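> Take a look at this one; I'll ask things after.
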Amino acid sequence: MVCGLLFGMSAGAQRPVKDSLANLLKNKLPDKDRVNVLNQLSYQYYDFNDSLASEYAEKAFLLAKKIKYQRGLKYAYTMIGLGYSSKSEYRKAIENYRQSERIITEDKDNDAADIAYNLTLLGNCYRETAEFDSSLFYYRKAARVVKNSRHDLASIYKNMASVKLILWKNNEALGLLDTASHYLSPNRLDSKYLQMDIWSYYGQVYKNLANYPLSSKYYEKMCRDAYLLEDYYHQITCKLNQAELAFQQGNFTTSLNFNFEALDIARHYVFPPQYVKVLIQIGEVYEELSQFDLAAEYFFKALKITEKLGLRFETATIYSQLAWIKKDQHDYAVSLQYANKSLAIREKIGDVKGIGNCHNVIGLVYLLKKDYARSLQEHEIALKIRQEIGYTLGIAASVFNMSLVYEEQGQFQKALEYQRRSGQIEEKIDNKQSIGITYNSLARLLLKMGRFDEALQYVNKADEFSKETGSLMLMRNNADIYATYYQKIGNYKKAFEYQKLFQSLNDSIYSDVSALKLAEVEAIYNVEKKEKDIELLKQKQEAQLNQLQLQEAELSRKNWILASSTVGILILLAAGIVGYRYYKEKSKANRELHEQKEEIQAQSEELMEATATISNINKELEMKIESRTSELKQAYKELDTFFYRSSHDFRRPITTFLGLAGVARITVKDPVSLELFEKVSETAGSLDKMLYKLQSISDVGSQQMVFKEVFLTELVNEILDGFARLIQQKKITVHTEIHEEAPLVSYPAMVKIIVENLIENAIHFSAYENPTVTIRASINVNMATLSVEDNGQGILEEYKPRIFEMYFRANENSKGNGLGLYIAKKAVEKLNGHIRVTSTHAMGSEFTVELPNRRV
């Protein structure tokens, strides 16, 4: 929901509240009170009439600015940001929320709820643009501001749960929702809106966990209140949830019905992210029904919106769906392009479930290309990811897809084992639709193996499920398998009957879908008409503003013409006198110029010939350089790929060594053996660190830069936690001084590499007695300056020029590998920064890094 999250004002958006506030405006109010009322009206109208809400916010802003009313200005910025959020213009929304955050009011404690609301809205913007770390940071910050307000904490924990849901961390989401429910204040009017969000997220969690009855129960609660409160946002959410649940259970016609009902409600209230979800879900249903052209039409319509608004999570989802379509249309090259586009986005935003889905579709493409080894490799990656996040349906699907690979290779027995394993997983979650489809596949495989009696048993089971669920899709599949079975055993009469039934059910499915097309077209027309009306209103307002500006410009122009005419007459008189004198002098000069021109022309022709010759030589050189550069790039790419994969492959056995050493510490009692295992563990740990640094070199050289907010304090604390054991062993005292005047926008992974290597270097070379490491940082709008200082042995003057070289160690007793400072310098250069060192022998060293702040 765009609003109804926090805020000191009452958040019911009930008509009596809006009417009473509007009546107040008709009275003569003090300016500050008028600003407050305008802000409250703006808040009350969001989700019901966003354009009117924005108008009230703009009036509040102008008046607050005029009278220098800081508190009113602070909340006006929040309301203007909310207007941009409602239009999904998230960058502009963030700018206004940040402006609000910068204004400090006199009564900070009483304004805590409103401050937290602004922070929550910032978190929501980052969530919608798939910057999940930033989103959670602002939610936590909001929670610290209102630590004693139960209702506000309920809202914040609910929002945290929404992020965990996107990242498929369902158990964490469930815990946060339980906390939100605990803090919820049932007697508050605005709690009803918050309660609907919580119920909706509970429904999504249980859907993800394949507990469909419980999911449906929460959705029903949420839908009931959405219609009682006449809340369009939650009504659309209700239909979307019901559509997705019906889709997962194989009820595709029902799913389409719910989606078209959502489109119909969107006539009254258009929120782009919701509209995108409706389009994606309709596309998914058509894709499942093999109506690929229709599915692609909806996906591209949604893609146009998501790319414009920067909705990365949804964009990645659409690319993945387009990959499925192209796979089914046997356009494998384009399918892989879309899958890799989706994978790249999902890796950047940390969408683990989505990464698994991408590997799954890539595996299916390679299956169809008959590259069975690569197909199995991709499915194994997908399976591992899905097992790690507990995605049960996904695990069953990956196991099933691996069975298809074995089946294609003629390994029928192995394929049968994998399909049965997939069926057992689905039986545990009691998804009758999925189990029925698996039984269909098992029956087909057994028919192929000539095991007709077993095939009949499975298709009979699938037939029972089709009757329980009423799924036409299952009934159709069963009829097709029965027809094949009776044909195999020579009962052609029965085979013909089932073939007719199959055709009848197939026609029924597509006629039901066709019958929905009229409602669909009408719903989309209404939504697009609403969008056009809004656009026309904006154009009309802009035209009126332009007309006013033109009138002002016309008045200025007339005044200017009058003054210019007077000056012009005087200038013309003076020009006439000067012109006559100039004419006489010019006639003489022209003759001399003509002679010089002929001489220059001759020289010019000679110069053009020489230039043409040089140009041809340059073109040949450029072609040679381009060719060699291309060869070098390819060689570098191959070397980097080899380097990256090799380091990963080497780390696997090292991890095994470390694991075995850990087990040995628990199980082995012999002191000598324990000492040997400790040495093995120490050596393996050193090798692991070495490989990690080598991987860092590869990352510094190859990674694409993705700039976003870096939370430096949290980053430094995280790195120090990683070195906690070493710091305790050496009894090092660590001081940190971090001053952040403005947010730091950079590439977090690269900043982490820099800070980590500098801190590790300081720890290694700190003094033996009273060792101290000091970390300082200051951030302003242009620059971030970070320094790491130790009180160790320092660096001799002759070694200073070489300390950033690869593998250079200034001290023979050093336990390091000579890579840390080299990697840090390369990472700093990658970010267009600078690094310097000041050091006194036997007193210590200080490394200082300056990085540009890439704020938008």
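By order in the structure tokens, chains are A, B, ...; within a chain, residues start at 1; ligands start at 1, following the order shown.
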Leaving out A:Leu63 and any residue of its chain fewer than 5 positions from it, which residues lie within 9 Å of it when counting only C-alpha atoms, given as a list in words?
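The residues that qualify are Asp31, Lys32, Arg34, Val35, Glu58, Lys68, Tyr69, Gly72 and Leu73 of chain A.
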> Write out the residues from the selection above, keeping N, CA, C and O atoms, as a compact mmCIF listing (two decimals), in the first residue's frame.

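Output below, filename out_28.txt:
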# COMPACT_ATOMS: atom_id res chain seq x y z
N ASP A 31 -1.60 30.73 9.27
CA ASP A 31 -0.85 30.07 8.18
C ASP A 31 -0.31 28.69 8.57
O ASP A 31 -0.37 27.75 7.79
N LYS A 32 0.22 28.56 9.78
CA LYS A 32 0.78 27.27 10.21
C LYS A 32 -0.30 26.20 10.28
O LYS A 32 -0.10 25.06 9.85
N ARG A 34 -3.05 26.18 8.57
CA ARG A 34 -3.45 25.88 7.20
C ARG A 34 -2.48 24.86 6.56
O ARG A 34 -2.91 23.93 5.88
N VAL A 35 -1.19 25.05 6.81
CA VAL A 35 -0.19 24.08 6.30
C VAL A 35 -0.46 22.69 6.86
O VAL A 35 -0.45 21.70 6.13
N GLU A 58 1.46 20.09 -2.60
CA GLU A 58 2.16 21.20 -3.25
C GLU A 58 1.77 22.54 -2.60
O GLU A 58 2.63 23.41 -2.37
N LYS A 68 8.33 30.13 6.23
CA LYS A 68 9.50 29.51 6.88
C LYS A 68 9.08 28.64 8.07
O LYS A 68 9.64 28.73 9.16
N TYR A 69 8.08 27.81 7.82
CA TYR A 69 7.55 26.89 8.84
C TYR A 69 8.19 25.52 8.63
O TYR A 69 7.76 24.74 7.78
N GLY A 72 6.08 22.13 9.01
CA GLY A 72 5.16 21.94 7.89
C GLY A 72 5.89 21.61 6.60
O GLY A 72 5.43 20.79 5.79
N LEU A 73 7.07 22.24 6.41
CA LEU A 73 7.88 21.98 5.21
C LEU A 73 8.40 20.55 5.21
O LEU A 73 8.39 19.86 4.18
> Give me, as a tab-separated table, the closest atom pair and its distance (Å, one decimal) for every residue of stretch 106-158 of chain A within a cut-off of 12 Å of stretch 180-196 of chain A, counting only C-alpha atoms, rows sorted by chain and rising number.

residue	atom	partner	partner_atom	distance
A:Ala143	CA	A:Ala180	CA	11.7
A:Lys147	CA	A:Tyr183	CA	11.0
A:Asn148	CA	A:Tyr183	CA	10.2
A:Ser149	CA	A:Tyr183	CA	8.5
A:Arg150	CA	A:Tyr183	CA	4.8
A:His151	CA	A:Leu184	CA	5.3
A:Asp152	CA	A:Tyr183	CA	8.3
A:Leu153	CA	A:Tyr183	CA	6.5
A:Ala154	CA	A:Ala180	CA	4.0
A:Ser155	CA	A:Leu194	CA	6.6
A:Ile156	CA	A:Ala180	CA	7.7
A:Tyr157	CA	A:Ala180	CA	5.2
A:Lys158	CA	A:Ala180	CA	5.6
> Dump as JSON lines the rows for residues of stretch 102-208 of chain A within 10 Å of stretch 312-316 of chain A: closest atom pair and distance in Å with one decimal, only C-alpha atoms counted, ordered by chain and rising residue number.

{"residue": "A:Arg127", "atom": "CA", "partner": "A:Phe313", "partner_atom": "CA", "distance": 9.4}
{"residue": "A:Glu128", "atom": "CA", "partner": "A:Phe313", "partner_atom": "CA", "distance": 7.9}
{"residue": "A:Thr129", "atom": "CA", "partner": "A:Arg312", "partner_atom": "CA", "distance": 5.9}
{"residue": "A:Ala130", "atom": "CA", "partner": "A:Phe313", "partner_atom": "CA", "distance": 5.9}
{"residue": "A:Glu131", "atom": "CA", "partner": "A:Arg312", "partner_atom": "CA", "distance": 9.1}
{"residue": "A:Ile166", "atom": "CA", "partner": "A:Phe313", "partner_atom": "CA", "distance": 8.8}
> Restricted to N, CA, C and O atoms, what would the selected residues look like written as a PDB file, in the first residue's frame?

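Ended up saving to selection_28.pdb:
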ATOM      1  N   ARG A 127      12.960  -0.863  -1.675  1.00  0.00           N
ATOM      2  CA  ARG A 127      12.413  -2.219  -1.884  1.00  0.00           C
ATOM      3  C   ARG A 127      11.865  -2.359  -3.304  1.00  0.00           C
ATOM      4  O   ARG A 127      12.122  -3.361  -3.981  1.00  0.00           O
ATOM      5  N   GLU A 128      11.127  -1.350  -3.772  1.00  0.00           N
ATOM      6  CA  GLU A 128      10.536  -1.420  -5.110  1.00  0.00           C
ATOM      7  C   GLU A 128      11.599  -1.417  -6.207  1.00  0.00           C
ATOM      8  O   GLU A 128      11.403  -1.996  -7.267  1.00  0.00           O
ATOM      9  N   THR A 129      12.753  -0.742  -5.950  1.00  0.00           N
ATOM     10  CA  THR A 129      13.832  -0.722  -6.949  1.00  0.00           C
ATOM     11  C   THR A 129      14.837  -1.838  -6.700  1.00  0.00           C
ATOM     12  O   THR A 129      15.927  -1.837  -7.262  1.00  0.00           O
ATOM     13  N   ALA A 130      14.458  -2.802  -5.843  1.00  0.00           N
ATOM     14  CA  ALA A 130      15.256  -4.016  -5.577  1.00  0.00           C
ATOM     15  C   ALA A 130      16.611  -3.709  -4.958  1.00  0.00           C
ATOM     16  O   ALA A 130      17.571  -4.462  -5.145  1.00  0.00           O
ATOM     17  N   GLU A 131      16.713  -2.624  -4.169  1.00  0.00           N
ATOM     18  CA  GLU A 131      17.931  -2.347  -3.394  1.00  0.00           C
ATOM     19  C   GLU A 131      17.622  -2.765  -1.958  1.00  0.00           C
ATOM     20  O   GLU A 131      17.381  -1.938  -1.078  1.00  0.00           O
ATOM     21  N   ILE A 166      10.334 -11.414  -0.645  1.00  0.00           N
ATOM     22  CA  ILE A 166      10.894 -11.286  -2.004  1.00  0.00           C
ATOM     23  C   ILE A 166      12.163 -12.127  -2.123  1.00  0.00           C
ATOM     24  O   ILE A 166      12.403 -12.763  -3.148  1.00  0.00           O
TER      25      ILE A 166
END
> How would you write, as a PyMOL selection string, the set of residues in stretch 28-236 of chain A that DSSP gives as alpha helix (DSSP H)?
chain A and resi 31-45+50-67+70-86+90-102+112-128+132-145+150-166+170-183+191-208+212-228+232-236
> One number please: atom CA of A:Lys348 to atom CA of A:Phe707, in Å, one decimal.
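Taking atom CA of A:Lys348 as the start and atom CA of A:Phe707 as the end point, the length is 10.8 Å.
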> In terms of the shortest atom-to-atom distance over only C-alpha atoms, which of A:Met843, A:Tyr482, A:Ser162, A:Phe292 is closest to A:Leu176?
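Using only C-alpha atoms, the shortest distance to A:Leu176 belongs to A:Ser162.
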> So which residues of stretch 680-853 of chain A fall under strand (DSSP E) by DSSP, listed as number ranges by chain?
A: 708-710, 733-740, 744-746, 772-779, 783-790, 834-840, 844-852
> What is the atom CA of A:Glu284 to atom CA of A:Tyr233 distance in Å?
22.2 Å
